[in-house]
>>> print(open('model19.txt').read())   # compact mmCIF, C-alpha atoms
# COMPACT_ATOMS: atom_id res chain seq x y z
CA MET S 11 0.00 0.00 0.00
CA GLU S 12 3.05 2.27 -0.21
CA TYR S 13 2.22 3.20 -3.80
CA ASP S 14 -0.90 4.20 -5.65
CA ALA S 15 -2.67 1.45 -7.55
CA PRO S 16 -1.73 1.31 -11.23
CA ASP S 17 -4.16 2.84 -13.67
CA ASN S 18 -6.22 0.72 -16.05
CA GLU S 19 -3.98 1.50 -19.04
CA THR S 20 -0.92 0.20 -17.19
CA LEU S 21 -2.73 -2.96 -16.13
CA GLN S 22 -3.93 -3.58 -19.68
CA GLY S 23 -0.39 -3.08 -20.98
CA GLY S 24 0.92 -5.67 -18.55
CA LEU S 25 -1.75 -8.14 -19.63
CA GLU S 26 -0.79 -7.59 -23.27
CA ILE S 27 2.83 -8.42 -22.46
CA LEU S 28 1.74 -11.61 -20.70
CA LYS S 29 -0.56 -12.50 -23.57
CA HIS S 30 2.17 -12.24 -26.23
CA ALA S 31 5.43 -13.11 -24.45
CA ASP S 32 6.65 -16.63 -25.16
CA LEU S 33 9.28 -17.58 -22.61
CA ARG S 34 9.34 -21.30 -23.40
CA PRO S 35 12.78 -21.15 -25.07
CA VAL S 36 14.22 -19.41 -22.02
CA LEU S 37 12.71 -21.99 -19.69
CA SER S 38 13.94 -24.96 -21.69
CA ASP S 39 17.49 -23.51 -21.79
CA THR S 40 17.77 -22.52 -18.13
CA SER S 41 20.63 -23.91 -16.09
CA VAL S 42 19.46 -22.72 -12.67
CA PRO S 43 17.16 -24.63 -10.32
CA VAL S 44 13.51 -23.72 -10.80
CA SER S 45 10.71 -24.39 -8.35
CA VAL S 46 7.16 -23.83 -9.56
CA ILE S 47 4.51 -23.41 -6.86
CA LEU S 48 0.89 -23.54 -7.98
CA GLY S 49 -2.49 -23.82 -6.31
CA THR S 50 -5.17 -26.23 -7.43
CA LEU S 51 -7.74 -23.41 -7.42
CA ASP S 52 -5.62 -20.93 -9.39
CA THR S 53 -7.60 -19.78 -12.43
CA LEU S 54 -4.87 -17.44 -13.69
CA VAL S 55 -2.05 -20.03 -13.85
CA PRO S 56 -3.57 -23.52 -13.78
CA VAL S 57 -1.71 -26.60 -12.61
CA SER S 58 -1.57 -27.75 -16.25
CA ALA S 59 0.73 -24.78 -16.99
CA GLY S 60 3.21 -26.12 -14.44
CA GLN S 61 2.96 -29.58 -15.94
CA ASN S 62 3.67 -28.08 -19.38
CA MET S 63 6.69 -26.26 -17.93
CA GLN S 64 7.98 -29.52 -16.52
CA GLU S 65 7.68 -31.15 -19.96
CA LEU S 66 9.95 -28.40 -21.35
CA ALA S 67 12.41 -28.63 -18.48
CA PRO S 68 12.10 -31.93 -16.56
CA GLU S 69 14.46 -30.73 -13.81
CA ILE S 70 11.82 -28.24 -12.65
CA THR S 71 10.43 -29.00 -9.21
CA LEU S 72 6.64 -28.73 -9.42
CA ASN S 73 4.85 -28.08 -6.12
CA ILE S 74 1.07 -28.06 -6.03
CA ILE S 75 -0.77 -26.72 -3.00
CA ASP S 76 -4.26 -28.18 -2.66
CA LYS S 77 -7.13 -25.70 -2.32
CA ALA S 78 -4.85 -22.69 -2.92
CA GLY S 79 -5.49 -19.97 -5.47
CA HIS S 80 -3.06 -17.64 -7.21
CA VAL S 81 -1.27 -16.39 -4.09
CA PRO S 82 -0.60 -19.46 -1.93
CA PHE S 83 2.04 -17.62 0.08
CA LEU S 84 -0.84 -15.52 1.47
CA SER S 85 -3.65 -18.08 1.64
CA HIS S 86 -1.58 -21.09 2.75
CA PRO S 87 1.62 -19.67 4.28
CA GLN S 88 2.48 -22.72 6.40
CA ARG S 89 2.30 -25.10 3.44
CA TYR S 90 4.07 -22.61 1.18
CA TRP S 91 7.04 -22.01 3.47
CA ARG S 92 7.48 -25.74 4.15
CA LEU S 93 8.60 -26.02 0.52
CA PHE S 94 11.79 -24.11 1.30
CA PRO S 95 14.56 -25.81 3.28
CA VAL S 96 16.10 -23.88 6.14
CA LEU S 97 19.39 -22.39 5.00
>>> encode(input="model19.txt", output="structure tokens")
Amino acid sequence: MEYDAPDNETLQGGLEILKHADLRPVLSDTSVPVSVILGTLDTLVPVSAGQNMQELAPEITLNIIDKAGHVPFLSHPQRYWRLFPVL
């Protein structure tokens, strides 16, 4: 809440970028560990998107949080943080 909410034009511009950006080549060529965390109730990024990512890069760790939506770190913080080992 530190900043004003973005205006509609800015939000629409961001959606256009998401609609047209194809990052599959980047994902399939990555050499860093990737952990994908998705919720079963997420309608913005469905679990099938994570499964498709894993087909492109099998080394991806796919974590699915049952009954979570798009922001599982807020709705299911205990389950979310259990995915990260203590450093």
>>> atom_distance(input="model19.txt", atom1="CA of Val44 (chain S)", atom2="CA of Leu28 (chain S)")
19.6 Å
>>> atom_distance(input="model19.txt", atom1="CA of Val42 (chain S)", atom2="CA of Trp91 (chain S)")
20.4 Å
>>> residues_around(input="model19.txt", residues="region 46-62 of chain S", least_positions_apart="3", cutoff="12 Å", atoms="only C-alpha atoms", output="MDAnalysis selection string")
chainID S and resid 25 28:29 34 37:38 43 65:86 89:94
>>> atom_distance(input="model19.txt", atom1="CA of Glu12 (chain S)", atom2="CA of Ser45 (chain S)")
28.9 Å
>>> axis_aligned_box(input="model19.txt", around="region 18-32 of chain S", padding_each_side="8 Å", output="AutoDock Vina command-line options")
--center_x 0.2 --center_y -7.6 --center_z -21.1 --size_x 28.9 --size_y 34.1 --size_z 26.2
>>> decode(input="model19.txt", residues="region 65-80 of chain S", atoms="all heavy atoms", output="JSON list (two decimals), in the first residue's frame")
[["chain", "number", "residue", "atom", "x", "y", "z"],
["S", 65, "GLU", "N", 7.40, -30.42, -18.72],
["S", 65, "GLU", "CA", 7.68, -31.15, -19.96],
["S", 65, "GLU", "C", 8.82, -30.47, -20.72],
["S", 65, "GLU", "O", 9.64, -31.14, -21.35],
["S", 65, "GLU", "CB", 6.44, -31.22, -20.83],
["S", 65, "GLU", "CG", 5.40, -32.18, -20.33],
["S", 65, "GLU", "CD", 4.14, -32.20, -21.17],
["S", 65, "GLU", "OE1", 4.18, -31.74, -22.33],
["S", 65, "GLU", "OE2", 3.11, -32.66, -20.66],
["S", 66, "LEU", "N", 8.88, -29.14, -20.68],
["S", 66, "LEU", "CA", 9.95, -28.40, -21.35],
["S", 66, "LEU", "C", 11.28, -28.53, -20.61],
["S", 66, "LEU", "O", 12.34, -28.56, -21.22],
["S", 66, "LEU", "CB", 9.60, -26.92, -21.45],
["S", 66, "LEU", "CG", 8.52, -26.54, -22.43],
["S", 66, "LEU", "CD1", 8.13, -25.08, -22.26],
["S", 66, "LEU", "CD2", 8.99, -26.78, -23.86],
["S", 67, "ALA", "N", 11.21, -28.58, -19.31],
["S", 67, "ALA", "CA", 12.41, -28.63, -18.48],
["S", 67, "ALA", "C", 12.15, -29.62, -17.33],
["S", 67, "ALA", "O", 11.68, -29.23, -16.26],
["S", 67, "ALA", "CB", 12.75, -27.24, -17.95],
["S", 68, "PRO", "N", 12.42, -30.90, -17.56],
["S", 68, "PRO", "CA", 12.10, -31.93, -16.56],
["S", 68, "PRO", "C", 12.73, -31.72, -15.20],
["S", 68, "PRO", "O", 12.25, -32.27, -14.20],
["S", 68, "PRO", "CB", 12.60, -33.23, -17.21],
["S", 68, "PRO", "CG", 12.64, -32.94, -18.67],
["S", 68, "PRO", "CD", 12.97, -31.47, -18.78],
["S", 69, "GLU", "N", 13.80, -30.95, -15.11],
["S", 69, "GLU", "CA", 14.46, -30.73, -13.81],
["S", 69, "GLU", "C", 13.69, -29.75, -12.92],
["S", 69, "GLU", "O", 14.04, -29.55, -11.77],
["S", 69, "GLU", "CB", 15.90, -30.24, -14.01],
["S", 69, "GLU", "CG", 16.03, -28.89, -14.65],
["S", 69, "GLU", "CD", 15.89, -28.89, -16.18],
["S", 69, "GLU", "OE1", 15.76, -29.95, -16.80],
["S", 69, "GLU", "OE2", 15.90, -27.80, -16.76],
["S", 70, "ILE", "N", 12.65, -29.15, -13.45],
["S", 70, "ILE", "CA", 11.82, -28.24, -12.65],
["S", 70, "ILE", "C", 11.16, -29.03, -11.52],
["S", 70, "ILE", "O", 10.67, -30.13, -11.72],
["S", 70, "ILE", "CB", 10.74, -27.57, -13.52],
["S", 70, "ILE", "CG1", 11.37, -26.49, -14.39],
["S", 70, "ILE", "CG2", 9.61, -27.00, -12.67],
["S", 70, "ILE", "CD1", 10.39, -25.83, -15.34],
["S", 71, "THR", "N", 11.17, -28.43, -10.34],
["S", 71, "THR", "CA", 10.43, -29.00, -9.21],
["S", 71, "THR", "C", 9.04, -28.38, -9.22],
["S", 71, "THR", "O", 8.90, -27.16, -9.10],
["S", 71, "THR", "CB", 11.14, -28.67, -7.89],
["S", 71, "THR", "OG1", 12.47, -29.18, -7.95],
["S", 71, "THR", "CG2", 10.41, -29.27, -6.71],
["S", 72, "LEU", "N", 8.03, -29.21, -9.37],
["S", 72, "LEU", "CA", 6.64, -28.73, -9.42],
["S", 72, "LEU", "C", 5.98, -29.03, -8.08],
["S", 72, "LEU", "O", 5.92, -30.18, -7.65],
["S", 72, "LEU", "CB", 5.89, -29.41, -10.56],
["S", 72, "LEU", "CG", 4.43, -29.04, -10.75],
["S", 72, "LEU", "CD1", 4.27, -27.54, -10.98],
["S", 72, "LEU", "CD2", 3.84, -29.83, -11.90],
["S", 73, "ASN", "N", 5.53, -27.97, -7.41],
["S", 73, "ASN", "CA", 4.85, -28.08, -6.12],
["S", 73, "ASN", "C", 3.42, -27.60, -6.29],
["S", 73, "ASN", "O", 3.20, -26.49, -6.78],
["S", 73, "ASN", "CB", 5.55, -27.21, -5.07],
["S", 73, "ASN", "CG", 6.99, -27.60, -4.89],
["S", 73, "ASN", "OD1", 7.28, -28.57, -4.23],
["S", 73, "ASN", "ND2", 7.90, -26.85, -5.48],
["S", 74, "ILE", "N", 2.48, -28.41, -5.89],
["S", 74, "ILE", "CA", 1.07, -28.06, -6.03],
["S", 74, "ILE", "C", 0.45, -28.02, -4.64],
["S", 74, "ILE", "O", 0.53, -29.01, -3.89],
["S", 74, "ILE", "CB", 0.34, -29.07, -6.93],
["S", 74, "ILE", "CG1", 1.00, -29.07, -8.32],
["S", 74, "ILE", "CG2", -1.14, -28.73, -7.03],
["S", 74, "ILE", "CD1", 0.57, -30.19, -9.21],
["S", 75, "ILE", "N", -0.14, -26.89, -4.31],
["S", 75, "ILE", "CA", -0.77, -26.72, -3.00],
["S", 75, "ILE", "C", -2.28, -26.86, -3.18],
["S", 75, "ILE", "O", -2.92, -26.08, -3.88],
["S", 75, "ILE", "CB", -0.41, -25.36, -2.37],
["S", 75, "ILE", "CG1", 1.11, -25.30, -2.15],
["S", 75, "ILE", "CG2", -1.16, -25.17, -1.05],
["S", 75, "ILE", "CD1", 1.60, -24.00, -1.56],
["S", 76, "ASP", "N", -2.83, -27.88, -2.55],
["S", 76, "ASP", "CA", -4.26, -28.18, -2.66],
["S", 76, "ASP", "C", -5.10, -27.05, -2.06],
["S", 76, "ASP", "O", -4.76, -26.50, -1.01],
["S", 76, "ASP", "CB", -4.55, -29.50, -1.95],
["S", 76, "ASP", "CG", -5.96, -29.99, -2.21],
["S", 76, "ASP", "OD1", -6.44, -29.86, -3.35],
["S", 76, "ASP", "OD2", -6.58, -30.53, -1.27],
["S", 77, "LYS", "N", -6.14, -26.71, -2.75],
["S", 77, "LYS", "CA", -7.13, -25.70, -2.32],
["S", 77, "LYS", "C", -6.55, -24.30, -2.21],
["S", 77, "LYS", "O", -7.10, -23.45, -1.52],
["S", 77, "LYS", "CB", -7.80, -26.11, -1.02],
["S", 77, "LYS", "CG", -8.57, -27.41, -1.14],
["S", 77, "LYS", "CD", -9.22, -27.80, 0.15],
["S", 77, "LYS", "CE", -9.92, -29.14, -0.03],
["S", 77, "LYS", "NZ", -10.35, -29.71, 1.22],
["S", 78, "ALA", "N", -5.44, -24.04, -2.90],
["S", 78, "ALA", "CA", -4.85, -22.69, -2.92],
["S", 78, "ALA", "C", -5.16, -22.05, -4.26],
["S", 78, "ALA", "O", -5.27, -22.72, -5.28],
["S", 78, "ALA", "CB", -3.35, -22.77, -2.70],
["S", 79, "GLY", "N", -5.28, -20.73, -4.25],
["S", 79, "GLY", "CA", -5.49, -19.97, -5.47],
["S", 79, "GLY", "C", -4.18, -19.43, -6.01],
["S", 79, "GLY", "O", -3.14, -20.08, -5.91],
["S", 80, "HIS", "N", -4.22, -18.21, -6.53],
["S", 80, "HIS", "CA", -3.06, -17.64, -7.21],
["S", 80, "HIS", "C", -1.97, -17.14, -6.27],
["S", 80, "HIS", "O", -0.83, -16.97, -6.70],
["S", 80, "HIS", "CB", -3.52, -16.51, -8.13],
["S", 80, "HIS", "CG", -2.45, -15.98, -9.02],
["S", 80, "HIS", "ND1", -1.85, -16.77, -9.99],
["S", 80, "HIS", "CD2", -1.84, -14.78, -9.10],
["S", 80, "HIS", "CE1", -0.94, -16.06, -10.62],
["S", 80, "HIS", "NE2", -0.90, -14.85, -10.10]]
